[in-house]
>>> print(open('final-v1.txt').read())   # compact mmCIF, C-alpha atoms
# COMPACT_ATOMS: atom_id res chain seq x y z
CA MET A 10 80.99 109.98 106.94
CA GLY A 11 79.23 112.90 108.49
CA HIS A 12 77.16 113.78 111.48
CA GLY A 13 73.67 112.78 112.55
CA ALA A 14 71.58 109.90 111.22
CA MET A 15 73.11 107.84 108.44
CA ASN A 16 71.58 107.85 104.99
CA PRO A 17 71.28 104.58 102.97
CA ALA A 18 74.66 105.00 101.24
CA GLN A 19 76.36 105.56 104.59
CA ARG A 20 74.65 102.50 106.10
CA ARG A 21 75.78 100.31 103.18
CA TYR A 22 79.30 101.70 103.50
CA SER A 23 79.35 101.01 107.25
CA TRP A 24 78.31 97.39 106.72
CA ARG A 25 80.76 96.86 103.86
CA PHE A 26 83.70 98.57 105.55
CA GLY A 27 82.96 97.03 108.95
CA GLY A 28 82.70 93.57 107.40
CA ALA A 29 85.95 94.05 105.50
CA MET A 30 87.81 95.23 108.60
CA GLY A 31 86.36 92.40 110.69
CA ALA A 32 87.50 89.92 108.04
CA TYR A 33 90.90 91.63 107.95
CA SER A 34 91.35 91.19 111.70
CA VAL A 35 90.50 87.48 111.57
CA VAL A 36 92.46 86.74 108.40
CA LEU A 37 95.54 88.67 109.55
CA VAL A 38 95.76 86.83 112.87
CA ALA A 39 95.00 83.44 111.30
CA CYS A 40 97.60 83.86 108.56
CA LYS A 41 100.30 85.16 110.91
CA LEU A 42 99.68 82.22 113.28
CA ALA A 43 99.69 79.74 110.39
CA ILE A 44 102.98 81.09 109.03
CA ARG A 45 104.54 80.98 112.49
CA ALA A 46 103.29 77.46 113.23
CA TRP A 47 103.77 75.75 109.86
CA HIS A 48 106.74 77.63 108.35
CA PRO A 49 105.30 77.16 104.85
CA ASP A 50 107.10 77.98 101.64
CA GLY A 51 106.20 78.27 98.00
CA ALA A 52 102.58 78.72 96.97
CA LEU A 53 101.17 78.25 100.47
CA LEU A 54 103.43 80.96 101.90
CA PHE A 55 102.49 83.24 99.00
CA LEU A 56 98.78 82.64 99.66
CA LEU A 57 99.05 83.13 103.43
CA ALA A 58 101.09 86.32 102.97
CA LEU A 59 98.61 87.67 100.39
CA MET A 60 95.35 86.87 102.15
CA PRO A 61 95.35 89.76 104.67
CA ALA A 62 95.53 92.23 101.78
CA LEU A 63 92.26 91.02 100.27
CA PRO A 64 89.91 92.38 102.96
CA LEU A 65 91.78 95.72 102.78
CA LEU A 66 91.11 95.80 99.04
CA ALA A 67 87.44 95.21 99.88
CA ALA A 68 87.58 98.13 102.36
CA ILE A 69 89.02 100.39 99.65
CA ALA A 70 86.31 99.23 97.25
CA ALA A 71 83.67 99.93 99.94
CA TYR A 72 84.85 103.53 100.14
CA GLY A 73 84.79 103.90 96.37
CA LEU A 74 81.27 102.45 96.23
CA TYR A 75 80.19 104.85 98.96
CA LEU A 76 81.40 107.82 96.93
CA LEU A 77 79.54 106.50 93.87
CA GLU A 78 76.33 105.82 95.81
CA GLU A 79 76.23 108.97 97.95
CA LYS A 80 73.43 111.17 96.61
CA ASP A 81 74.21 114.18 98.79
CA GLU A 82 76.68 116.23 96.76
CA PHE A 83 78.03 118.03 99.80
CA LEU A 84 78.81 114.78 101.66
CA ARG A 85 80.30 113.24 98.53
CA SER A 86 82.51 116.28 98.00
CA MET A 87 83.61 116.43 101.64
CA ASN A 88 84.48 112.73 101.70
CA ALA A 89 86.28 112.82 98.33
CA THR A 90 88.27 115.83 99.51
CA ALA A 91 89.13 114.02 102.76
CA ALA A 92 90.27 110.97 100.77
CA LEU A 93 92.52 113.21 98.69
CA GLY A 94 93.83 114.79 101.89
CA GLY A 95 94.65 111.32 103.19
CA LEU A 96 96.40 110.53 99.93
CA GLY A 97 98.42 113.72 100.28
CA VAL A 98 99.46 112.82 103.83
CA MET A 99 100.43 109.32 102.70
CA LEU A 100 102.41 110.56 99.69
CA ALA A 101 104.20 113.26 101.68
CA PHE A 102 105.13 110.87 104.49
CA CYS A 103 106.29 108.09 102.16
CA THR A 104 108.30 110.51 100.01
CA VAL A 105 110.13 112.04 102.97
CA TRP A 106 110.59 108.67 104.71
CA GLY A 107 111.83 107.11 101.46
CA PHE A 108 114.58 109.70 101.05
CA LEU A 109 115.55 109.32 104.71
CA ALA A 110 115.65 105.53 104.30
CA ASP A 111 117.75 105.84 101.13
CA GLY A 112 120.17 107.97 103.13
CA GLY A 113 120.39 105.34 105.85
CA VAL A 114 118.86 107.66 108.46
CA VAL A 115 115.76 105.53 109.16
CA PRO A 116 114.75 101.94 108.37
CA GLY A 117 112.49 101.18 105.41
CA PHE A 118 108.78 101.83 105.88
CA PRO A 119 106.63 98.68 105.58
CA LEU A 120 104.43 99.01 102.51
CA TRP A 121 101.43 97.49 104.30
CA GLY A 122 101.49 100.66 106.42
CA THR A 123 100.33 102.83 103.53
CA PHE A 124 96.66 101.91 103.97
CA PRO A 125 96.49 102.81 107.68
CA LEU A 126 98.57 105.92 106.94
CA TRP A 127 96.06 106.97 104.26
CA ALA A 128 93.15 106.26 106.61
CA PHE A 129 94.82 108.31 109.36
CA GLY A 130 95.39 111.20 106.95
CA MET A 131 91.81 110.94 105.72
CA GLY A 132 90.54 111.10 109.30
CA LEU A 133 92.65 114.19 109.96
CA SER A 134 91.36 115.76 106.76
CA GLN A 135 87.75 114.99 107.68
CA GLY A 136 88.24 116.66 111.05
CA VAL A 137 89.76 119.76 109.46
CA LEU A 138 87.06 119.95 106.78
CA TRP A 139 84.17 119.53 109.21
CA SER A 140 85.72 122.07 111.57
CA ARG A 141 86.12 124.57 108.73
CA TYR A 142 82.53 123.94 107.65
CA ARG A 143 81.16 124.42 111.18
CA ASN A 144 83.24 127.57 111.68
CA ALA A 145 82.16 128.96 108.30
CA GLY A 146 78.53 128.45 109.34
CA ALA A 147 79.15 130.29 112.60
CA ASP A 148 80.56 133.26 110.68
CA ALA A 149 77.53 133.51 108.40
>>> encode(input="final-v1.txt", output="structure tokens")
Amino acid sequence: MGHGAMNPAQRRYSWRFGGAMGAYSVVLVACKLAIRAWHPDGALLFLLALMPALPLLAAIAAYGLYLLEEKDEFLRSMNATAALGGLGVMLAFCTVWGFLADGGVVPGFPLWGTFPLWAFGMGLSQGVLWSRYRNAGADA
């Protein structure tokens, strides 16, 4: 999000995102254990397989709400740029991996991995952007 004390938009984002990721952890483990123990099929299997995605959708929505609520234009721009950087990392990785998988060189990439891949790319982008900003300030 940035450095220093959090503003109200950042605090709301932290609560929303943290709650979503906490729910994800609980729901993922519970659903995996339920599938392993009960061996469900049909609608119950569909529901148990789908449920871990819902908190991740809430986490994505939390980030979108943060960008809408952030009043500081610099922070909003930096975070939107980092999100686009994460998207670029995800798209580049999945494109290259997809062609390698089609060629039989590597196994298929699990689609659930796109969210953590995007988040990883966004974190890298945030680090690069903040470093560039700090270094630009040092040159001034």
>>> residues_around(input="final-v1.txt", residues="region 31-39 of chain A", least_positions_apart="6", cutoff="8 Å", atoms="all atoms listed in the file", output="short mmCIF file (atom, residue, chain, number, x, y, z; two decimals) with C-alpha atoms, keeping the file's coordinate frame")
data_model
loop_
_atom_site.label_atom_id
_atom_site.label_comp_id
_atom_site.auth_asym_id
_atom_site.auth_seq_id
_atom_site.Cartn_x
_atom_site.Cartn_y
_atom_site.Cartn_z
CA MET A 60 95.35 86.87 102.15
CA PRO A 61 95.35 89.76 104.67
CA ALA A 62 95.53 92.23 101.78
CA LEU A 63 92.26 91.02 100.27
CA PRO A 64 89.91 92.38 102.96
CA LEU A 65 91.78 95.72 102.78
#
>>> closest_residue(input="final-v1.txt", among="A:Arg25, A:Arg20, A:Arg45, A:Arg141", to="Tyr72 (chain A)", atoms="only C-alpha atoms")
A:Arg25
>>> residues_around(input="final-v1.txt", residues="Arg85 (chain A)", least_positions_apart="5", cutoff="10 Å", atoms="only C-alpha atoms", output="mmCIF file with C-alpha atoms, in the coordinates of the input")
data_model
loop_
_atom_site.group_PDB
_atom_site.id
_atom_site.type_symbol
_atom_site.label_atom_id
_atom_site.label_comp_id
_atom_site.auth_asym_id
_atom_site.auth_seq_id
_atom_site.Cartn_x
_atom_site.Cartn_y
_atom_site.Cartn_z
ATOM 1 C CA MET A 10 80.990 109.980 106.940
ATOM 2 C CA TYR A 75 80.190 104.850 98.960
ATOM 3 C CA LEU A 76 81.400 107.820 96.930
ATOM 4 C CA LEU A 77 79.540 106.500 93.870
ATOM 5 C CA GLU A 78 76.330 105.820 95.810
ATOM 6 C CA GLU A 79 76.230 108.970 97.950
ATOM 7 C CA LYS A 80 73.430 111.170 96.610
ATOM 8 C CA THR A 90 88.270 115.830 99.510
ATOM 9 C CA ALA A 91 89.130 114.020 102.760
#
>>> atom_distance(input="final-v1.txt", atom1="CA of Pro119 (chain A)", atom2="CA of Met131 (chain A)")
19.2 Å
>>> atom_distance(input="final-v1.txt", atom1="CA of Asn88 (chain A)", atom2="CA of Ala14 (chain A)")
16.3 Å
>>> closest_residue(input="final-v1.txt", among="A:Met99, A:Ala67, A:Met87, A:Leu56", to="Phe124 (chain A)", atoms="all atoms listed in the file")
A:Met99
>>> atom_distance(input="final-v1.txt", atom1="CA of Val115 (chain A)", atom2="CA of Leu96 (chain A)")
22.0 Å
>>> closest_residue(input="final-v1.txt", among="A:Leu133, A:Asp111, A:Trp139, A:Ala18", to="Leu74 (chain A)", atoms="all atoms listed in the file")
A:Ala18
>>> build_atoms(input="final-v1.txt", residues="region 14-45 of chain A", atoms="N, CA and C atoms", output="tab-separated table (two decimals), in the frame of the given file")
chain	number	residue	atom	x	y	z
A	14	ALA	N	72.06	111.19	111.69
A	14	ALA	CA	71.58	109.90	111.22
A	14	ALA	C	72.22	109.55	109.87
A	15	MET	N	72.48	108.27	109.69
A	15	MET	CA	73.11	107.84	108.44
A	15	MET	C	72.07	107.67	107.35
A	16	ASN	N	72.44	108.08	106.14
A	16	ASN	CA	71.58	107.85	104.99
A	16	ASN	C	71.86	106.44	104.45
A	17	PRO	N	71.08	105.95	103.46
A	17	PRO	CA	71.28	104.58	102.97
A	17	PRO	C	72.69	104.29	102.44
A	18	ALA	N	73.30	105.22	101.75
A	18	ALA	CA	74.66	105.00	101.24
A	18	ALA	C	75.65	104.85	102.38
A	19	GLN	N	75.48	105.65	103.43
A	19	GLN	CA	76.36	105.56	104.59
A	19	GLN	C	76.16	104.24	105.33
A	20	ARG	N	74.91	103.79	105.43
A	20	ARG	CA	74.65	102.50	106.10
A	20	ARG	C	75.30	101.35	105.32
A	21	ARG	N	75.15	101.36	103.99
A	21	ARG	CA	75.78	100.31	103.18
A	21	ARG	C	77.30	100.36	103.34
A	22	TYR	N	77.86	101.56	103.32
A	22	TYR	CA	79.30	101.70	103.50
A	22	TYR	C	79.73	101.15	104.85
A	23	SER	N	79.00	101.48	105.90
A	23	SER	CA	79.35	101.01	107.25
A	23	SER	C	79.36	99.49	107.32
A	24	TRP	N	78.36	98.86	106.72
A	24	TRP	CA	78.31	97.39	106.72
A	24	TRP	C	79.46	96.82	105.90
A	25	ARG	N	79.69	97.37	104.72
A	25	ARG	CA	80.76	96.86	103.86
A	25	ARG	C	82.13	97.05	104.51
A	26	PHE	N	82.40	98.27	104.96
A	26	PHE	CA	83.70	98.57	105.55
A	26	PHE	C	83.90	97.79	106.84
A	27	GLY	N	82.87	97.77	107.69
A	27	GLY	CA	82.96	97.03	108.95
A	27	GLY	C	83.20	95.54	108.71
A	28	GLY	N	82.50	94.98	107.74
A	28	GLY	CA	82.70	93.57	107.40
A	28	GLY	C	84.10	93.31	106.89
A	29	ALA	N	84.59	94.21	106.04
A	29	ALA	CA	85.95	94.05	105.50
A	29	ALA	C	86.99	94.14	106.62
A	30	MET	N	86.82	95.08	107.53
A	30	MET	CA	87.81	95.23	108.60
A	30	MET	C	87.71	94.08	109.61
A	31	GLY	N	86.50	93.59	109.84
A	31	GLY	CA	86.36	92.40	110.69
A	31	GLY	C	87.06	91.20	110.07
A	32	ALA	N	86.83	91.01	108.76
A	32	ALA	CA	87.50	89.92	108.04
A	32	ALA	C	89.00	90.11	108.08
A	33	TYR	N	89.46	91.35	107.91
A	33	TYR	CA	90.90	91.63	107.95
A	33	TYR	C	91.50	91.19	109.29
A	34	SER	N	90.84	91.54	110.37
A	34	SER	CA	91.35	91.19	111.70
A	34	SER	C	91.50	89.68	111.86
A	35	VAL	N	90.48	88.94	111.45
A	35	VAL	CA	90.50	87.48	111.57
A	35	VAL	C	91.55	86.88	110.64
A	36	VAL	N	91.54	87.30	109.38
A	36	VAL	CA	92.46	86.74	108.40
A	36	VAL	C	93.91	87.06	108.75
A	37	LEU	N	94.18	88.29	109.19
A	37	LEU	CA	95.54	88.67	109.55
A	37	LEU	C	96.09	87.78	110.66
A	38	VAL	N	95.31	87.65	111.74
A	38	VAL	CA	95.76	86.83	112.87
A	38	VAL	C	95.92	85.37	112.44
A	39	ALA	N	94.94	84.84	111.72
A	39	ALA	CA	95.00	83.44	111.30
A	39	ALA	C	96.22	83.17	110.41
A	40	CYS	N	96.47	84.06	109.47
A	40	CYS	CA	97.60	83.86	108.56
A	40	CYS	C	98.94	84.01	109.27
A	41	LYS	N	99.05	85.00	110.16
A	41	LYS	CA	100.30	85.16	110.91
A	41	LYS	C	100.56	83.92	111.78
A	42	LEU	N	99.53	83.42	112.45
A	42	LEU	CA	99.68	82.22	113.28
A	42	LEU	C	100.04	81.01	112.43
A	43	ALA	N	99.41	80.87	111.28
A	43	ALA	CA	99.69	79.74	110.39
A	43	ALA	C	101.13	79.78	109.89
A	44	ILE	N	101.59	80.96	109.52
A	44	ILE	CA	102.98	81.09	109.03
A	44	ILE	C	103.96	80.75	110.16
A	45	ARG	N	103.66	81.25	111.34
A	45	ARG	CA	104.54	80.98	112.49
A	45	ARG	C	104.55	79.50	112.86
